[in-house]
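Student: Okay, here's the structure, questions in a sec.
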Amino acid sequence: MASILIVEDEPSMQLGLKDNLELEGYAVTLASDGEEGLVKIKKNKFDLVLLDVMLPKLSGFDVCKAARTAGISTPIILLTARGEEIDKILGLEFGADDYITKPFSLRELLARIKAILRRSQSVVSTETLSTSIGRLKVDFNAFYAEENGVEIKLSHKEFEILAYLQQNKNQVVTRYDLLEKVWGYDEQPTTRTVDNFIVRLRQKIEINPNQPKVILTVHGTGYKMVV
Ligand code: CA
């Protein structure tokens with residue numbers, strides 16, 4: 001049974017989500033503000049977090065950023081309000097895995113949850129051994145990366161991008177492939193989001209991030225991992 005943490009301050013929303021997710025067979029834990037949410041994310045290992053953006057004490061962005069900084073790679077779906085276009089982009093850059101705009105249908109939310117859980121399980125099952133990628137040794141199974149024995153923190157999304165590039169090594173992967181396969185929705189935030197993730201990944205894996213030798217840019221198209 002997958003476990004889900006719901007961080008939401010609006011009581012009716014919180015209870016509605018809880019009831020429906022429990023009906024679907026998920027184990028649900030609740031938090032009512034950002035601080036409480038972050039404490040619970042750090043203390044327990046959830047399979048997924050549903051994180052409202054507008055929260056008392058700490059915003060959903062702050063929670064997301066703090067969790068990733070602490071090396072926690074639990075998938076996060078942000079709950080954003082209508083008209084907060086910028087939130088979606090920002091949220092993904094802060095390390096969220098997906099977002100859903102309120103008001104959303106239960107069916108849509110369940111589909112997103114299932115897709116994320118399926119993806120995080122499939123990434124886990126594709127690789128079992130550590131692989132050398134640039135400066136890093138990456139264990140996709142344990143979501144662990146290191147350089148010369150020192151852990152290098154990668155977000156869940158960064159692991160997924162690396163895993164996808166690795167599965168398609170020496171081939172051109174378009175930005176749209178990455179958006180579809182890694183982010184997994186047709187409603188693309190922007191290909192710039194992909195580029196920003198690649199810039200950050202290069203800083204972690206390339207010897208000289210300005211002259212990449214591992215993740216190459218294929219001009220006007222996308223990227224190619226050379227291994
Ligand atoms: Ca709220």
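Identifiers for the structure tokens are assigned positionally: chains receive A, B, ... in sequence, residues are indexed from 1 per chain, and ligands are indexed from 1 in the order shown.
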Can I get the residues close to ligand 1 as an MDAnalysis selection string, where close means within 8 Å and we count only C-alpha atoms and all ligand atoms?

Tutor: chainID A and resid 8:10 52:56

Student: If we count only C-alpha atoms and set the cut-off at 8 Å, which residues sit around segment 18-31 of chain A, ignoring sequence neighbours fewer than 5 positions away in its own chain? Please answer as a JSON list (two decimals) with N, CA, C and O atoms, in the first residue's frame.

Tutor:
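As a result, result_5.json now contains:
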[["chain", "number", "residue", "atom", "x", "y", "z"],
["A", 1, "MET", "N", 0.85, -1.20, 0.00],
["A", 1, "MET", "CA", 0.00, 0.00, 0.00],
["A", 1, "MET", "C", 0.89, 1.25, 0.00],
["A", 1, "MET", "O", 1.74, 1.41, 0.86],
["A", 2, "ALA", "N", 0.69, 2.11, -0.98],
["A", 2, "ALA", "CA", 1.52, 3.31, -1.07],
["A", 2, "ALA", "C", 1.08, 4.33, -0.01],
["A", 2, "ALA", "O", -0.10, 4.46, 0.29],
["A", 3, "SER", "N", 2.05, 5.04, 0.55],
["A", 3, "SER", "CA", 1.73, 6.04, 1.57],
["A", 3, "SER", "C", 1.85, 7.45, 0.99],
["A", 3, "SER", "O", 2.79, 7.74, 0.26],
["A", 4, "ILE", "N", 0.85, 8.27, 1.33],
["A", 4, "ILE", "CA", 0.81, 9.63, 0.78],
["A", 4, "ILE", "C", 0.65, 10.63, 1.92],
["A", 4, "ILE", "O", -0.19, 10.45, 2.81],
["A", 5, "LEU", "N", 1.48, 11.67, 1.90],
["A", 5, "LEU", "CA", 1.33, 12.78, 2.84],
["A", 5, "LEU", "C", 0.60, 13.91, 2.12],
["A", 5, "LEU", "O", 0.99, 14.31, 1.03],
["A", 6, "ILE", "N", -0.47, 14.41, 2.75],
["A", 6, "ILE", "CA", -1.19, 15.56, 2.21],
["A", 6, "ILE", "C", -0.87, 16.78, 3.07],
["A", 6, "ILE", "O", -1.13, 16.77, 4.27],
["A", 7, "VAL", "N", -0.27, 17.81, 2.46],
["A", 7, "VAL", "CA", 0.00, 19.05, 3.19],
["A", 7, "VAL", "C", -0.94, 20.11, 2.63],
["A", 7, "VAL", "O", -0.77, 20.60, 1.51],
["A", 8, "GLU", "N", -1.98, 20.42, 3.38],
["A", 8, "GLU", "CA", -3.06, 21.30, 2.89],
["A", 8, "GLU", "C", -3.69, 21.95, 4.11],
["A", 8, "GLU", "O", -3.99, 21.29, 5.09],
["A", 9, "ASP", "N", -3.88, 23.29, 4.03],
["A", 9, "ASP", "CA", -4.39, 24.00, 5.21],
["A", 9, "ASP", "C", -5.91, 24.17, 5.19],
["A", 9, "ASP", "O", -6.49, 24.52, 6.21],
["A", 36, "GLU", "N", 4.76, 21.82, 9.65],
["A", 36, "GLU", "CA", 4.36, 20.46, 10.04],
["A", 36, "GLU", "C", 4.65, 19.49, 8.88],
["A", 36, "GLU", "O", 5.14, 18.37, 9.08],
["A", 37, "GLY", "N", 4.36, 19.95, 7.66],
["A", 37, "GLY", "CA", 4.61, 19.12, 6.49],
["A", 37, "GLY", "C", 6.07, 18.75, 6.36],
["A", 37, "GLY", "O", 6.41, 17.58, 6.17],
["A", 40, "LYS", "N", 7.24, 16.21, 8.89],
["A", 40, "LYS", "CA", 6.77, 14.86, 8.57],
["A", 40, "LYS", "C", 7.52, 14.27, 7.37],
["A", 40, "LYS", "O", 7.81, 13.08, 7.34],
["A", 106, "LEU", "N", -11.13, 14.62, -9.19],
["A", 106, "LEU", "CA", -10.52, 13.52, -8.47],
["A", 106, "LEU", "C", -9.85, 12.56, -9.44],
["A", 106, "LEU", "O", -8.76, 12.06, -9.21]]

Student: What is the distance between atom CA of Lys224 of chain A and atom CA of Trp183 of chain A, in Å to one decimal?

Tutor: 18.0 Å

Student: Enumerate the residues of segment 51-221 of chain A with a DSSP assignment of strand (DSSP E or B), computed from the backbone, and present them as a PyMOL selection string.

Tutor: chain A and resi 51-52+76-81+98-102+130-133+136-139+144-147+150-151+172-174+215-218

Student: Print the selection's residues with C-alpha atoms to a file, as a tab-separated table (two decimals), in the first residue's frame.

Tutor:
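Final file, part_14.tsv:
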chain	number	residue	atom	x	y	z
A	51	LEU	CA	1.82	19.76	-1.33
A	52	ASP	CA	-0.33	22.87	-1.42
A	76	ILE	CA	6.08	15.76	-4.79
A	77	ILE	CA	2.94	16.94	-6.58
A	78	LEU	CA	2.22	20.64	-6.00
A	79	LEU	CA	-1.37	21.84	-5.67
A	80	THR	CA	-1.48	25.28	-7.25
A	81	ALA	CA	-4.33	27.76	-7.56
A	98	ASP	CA	4.38	17.53	-11.04
A	99	TYR	CA	1.66	20.06	-10.30
A	100	ILE	CA	-2.08	20.09	-10.53
A	101	THR	CA	-4.22	23.22	-10.69
A	102	LYS	CA	-7.15	23.71	-8.31
A	130	SER	CA	26.14	1.88	-9.94
A	131	THR	CA	26.92	3.52	-13.23
A	132	SER	CA	29.66	6.05	-13.89
A	133	ILE	CA	28.28	9.21	-15.43
A	136	LEU	CA	29.59	10.83	-10.62
A	137	LYS	CA	28.86	7.28	-9.66
A	138	VAL	CA	25.10	6.90	-9.72
A	139	ASP	CA	23.04	4.17	-8.10
A	144	TYR	CA	22.27	7.82	-4.57
A	145	ALA	CA	25.08	9.62	-6.33
A	146	GLU	CA	28.64	10.23	-5.22
A	147	GLU	CA	31.87	11.77	-6.39
A	150	VAL	CA	31.27	12.04	-1.21
A	151	GLU	CA	27.51	12.09	-1.68
A	172	VAL	CA	19.46	12.18	-29.48
A	173	VAL	CA	16.75	12.83	-26.90
A	174	THR	CA	14.55	15.80	-27.69
A	215	ILE	CA	25.41	15.59	-21.83
A	216	LEU	CA	25.88	17.22	-25.22
A	217	THR	CA	23.53	19.82	-26.68
A	218	VAL	CA	22.06	18.87	-30.03

Student: Would you please extract all alpha helix (DSSP H) residues from segment 196-227 of chain A, as assigned by DSSP on the backbone, and give them as a list of chain:residue names?

Tutor: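 Assigned to alpha helix (DSSP H), within segment 196-227 of chain A: A:Asn196, A:Phe197, A:Ile198, A:Val199, A:Arg200, A:Leu201, A:Arg202, A:Gln203, A:Lys204, A:Ile205.
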
Student: Using only C-alpha atoms, pick whichever of A:Thr221, A:Gln203, A:Ser59, A:Ser155 has the shortest atom-to-atom distance to Arg175 of chain A.

Tutor: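 Comparing A:Thr221, A:Gln203, A:Ser59, A:Ser155 against Arg175 of chain A, the winner is A:Thr221.
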
Student: So that I can see what lies close to segment 204-210 of chain A, please list as an NGL selection string the residues with an atom at most 7 Å from it, counting only C-alpha atoms and leaving out residues fewer than 2 positions away in the same chain.

Tutor: :A and (133-136 or 200-202 or 212-214)

Student: Keeping only N, CA, C and O atoms, write the selected residues as a CSV table (one decimal), in the first residue's frame.

Tutor:
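Just written: part_25.csv:
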chain,number,residue,atom,x,y,z
A,133,ILE,N,28.7,8.2,-14.5
A,133,ILE,CA,28.3,9.2,-15.4
A,133,ILE,C,29.1,10.5,-15.1
A,133,ILE,O,28.9,11.1,-14.1
A,134,GLY,N,30.0,10.8,-16.0
A,134,GLY,CA,30.9,12.0,-15.8
A,134,GLY,C,31.6,11.8,-14.5
A,134,GLY,O,32.2,10.7,-14.3
A,135,ARG,N,31.6,12.8,-13.7
A,135,ARG,CA,32.3,12.8,-12.4
A,135,ARG,C,31.6,11.9,-11.4
A,135,ARG,O,32.2,11.6,-10.3
A,136,LEU,N,30.4,11.5,-11.7
A,136,LEU,CA,29.6,10.8,-10.6
A,136,LEU,C,29.5,9.3,-10.8
A,136,LEU,O,29.6,8.8,-11.9
A,200,ARG,N,21.8,22.5,-14.4
A,200,ARG,CA,22.1,22.1,-13.1
A,200,ARG,C,22.8,20.7,-13.0
A,200,ARG,O,23.7,20.5,-12.2
A,201,LEU,N,22.3,19.8,-13.8
A,201,LEU,CA,22.9,18.5,-13.9
A,201,LEU,C,24.3,18.5,-14.3
A,201,LEU,O,25.2,17.9,-13.8
A,202,ARG,N,24.6,19.4,-15.4
A,202,ARG,CA,25.9,19.5,-15.9
A,202,ARG,C,26.9,20.0,-14.8
A,202,ARG,O,28.0,19.6,-14.7
A,212,PRO,N,30.5,20.8,-21.9
A,212,PRO,CA,30.1,19.5,-21.6
A,212,PRO,C,30.6,18.4,-22.5
A,212,PRO,O,30.7,18.6,-23.7
A,213,LYS,N,31.0,17.3,-21.8
A,213,LYS,CA,31.5,16.1,-22.6
A,213,LYS,C,30.5,14.9,-22.4
A,213,LYS,O,30.7,13.9,-23.0
A,214,VAL,N,29.6,15.0,-21.4
A,214,VAL,CA,28.7,13.9,-21.1
A,214,VAL,C,27.3,14.1,-21.7
A,214,VAL,O,26.8,13.3,-22.5

Student: Quick one: distance from atom CA of Ser12 of chain A to atom CA of Phe46 of chain A in Å, one decimal?

Tutor: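 Distance reported for this atom pair: 22.5 Å.
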
Student: Expressed in Å to a single decimal, how great is the separation between atom CA of Phe61 of chain A and atom CA of Lys42 of chain A?

Tutor: 15.5 Å

Student: Which residues are near Phe159 of chain A? Cut-off 9 Å, only C-alpha atoms, ignore same chain within fewer than 2 positions. Put them as a list in words.

Tutor: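 Contacts, in chain order: Val123, Val138, Phe140, Phe143, Tyr144, Ala145, Leu154, Ser155, His156, Lys157, Ile161, Leu162, Ala163 and Tyr164 of chain A.
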
Student: Next, the residues of the selection above should be written as a compact mmCIF listing (two decimals), in the first residue's frame with N, CA, C and O atoms.

Tutor:
# COMPACT_ATOMS: atom_id res chain seq x y z
N VAL A 123 11.75 3.59 -12.50
CA VAL A 123 13.14 4.06 -12.46
C VAL A 123 13.93 3.14 -11.53
O VAL A 123 15.05 2.74 -11.83
N VAL A 138 26.52 6.76 -10.01
CA VAL A 138 25.10 6.90 -9.72
C VAL A 138 24.48 5.53 -9.50
O VAL A 138 24.68 4.62 -10.30
N PHE A 140 20.97 4.17 -9.38
CA PHE A 140 19.58 4.54 -9.63
C PHE A 140 18.62 3.81 -8.71
O PHE A 140 17.51 4.26 -8.44
N PHE A 143 18.75 5.76 -5.49
CA PHE A 143 18.69 7.22 -5.65
C PHE A 143 19.88 7.86 -4.94
O PHE A 143 19.73 8.78 -4.14
N TYR A 144 21.08 7.34 -5.25
CA TYR A 144 22.27 7.82 -4.57
C TYR A 144 23.34 8.13 -5.59
O TYR A 144 23.55 7.37 -6.54
N ALA A 145 23.98 9.27 -5.43
CA ALA A 145 25.08 9.62 -6.33
C ALA A 145 26.25 10.09 -5.50
O ALA A 145 26.07 10.71 -4.44
N LEU A 154 21.14 14.75 -5.59
CA LEU A 154 20.36 14.95 -6.81
C LEU A 154 18.89 14.85 -6.44
O LEU A 154 18.53 14.02 -5.60
N SER A 155 18.05 15.65 -7.08
CA SER A 155 16.61 15.54 -6.81
C SER A 155 16.06 14.32 -7.53
O SER A 155 16.71 13.76 -8.43
N HIS A 156 14.87 13.93 -7.14
CA HIS A 156 14.20 12.80 -7.78
C HIS A 156 14.12 13.03 -9.29
O HIS A 156 14.39 12.14 -10.10
N LYS A 157 13.77 14.25 -9.65
CA LYS A 157 13.64 14.60 -11.07
C LYS A 157 14.99 14.50 -11.79
O LYS A 157 15.07 14.01 -12.91
N ILE A 161 15.83 12.21 -15.02
CA ILE A 161 16.39 12.71 -16.29
C ILE A 161 17.64 11.92 -16.65
O ILE A 161 17.80 11.45 -17.78
N LEU A 162 18.52 11.73 -15.65
CA LEU A 162 19.74 10.98 -15.91
C LEU A 162 19.42 9.55 -16.35
O LEU A 162 20.03 9.03 -17.27
N ALA A 163 18.44 8.94 -15.67
CA ALA A 163 18.08 7.55 -16.01
C ALA A 163 17.57 7.48 -17.44
O ALA A 163 17.91 6.56 -18.19
N TYR A 164 16.77 8.46 -17.82
CA TYR A 164 16.21 8.43 -19.18
C TYR A 164 17.31 8.66 -20.23
O TYR A 164 17.36 7.96 -21.25
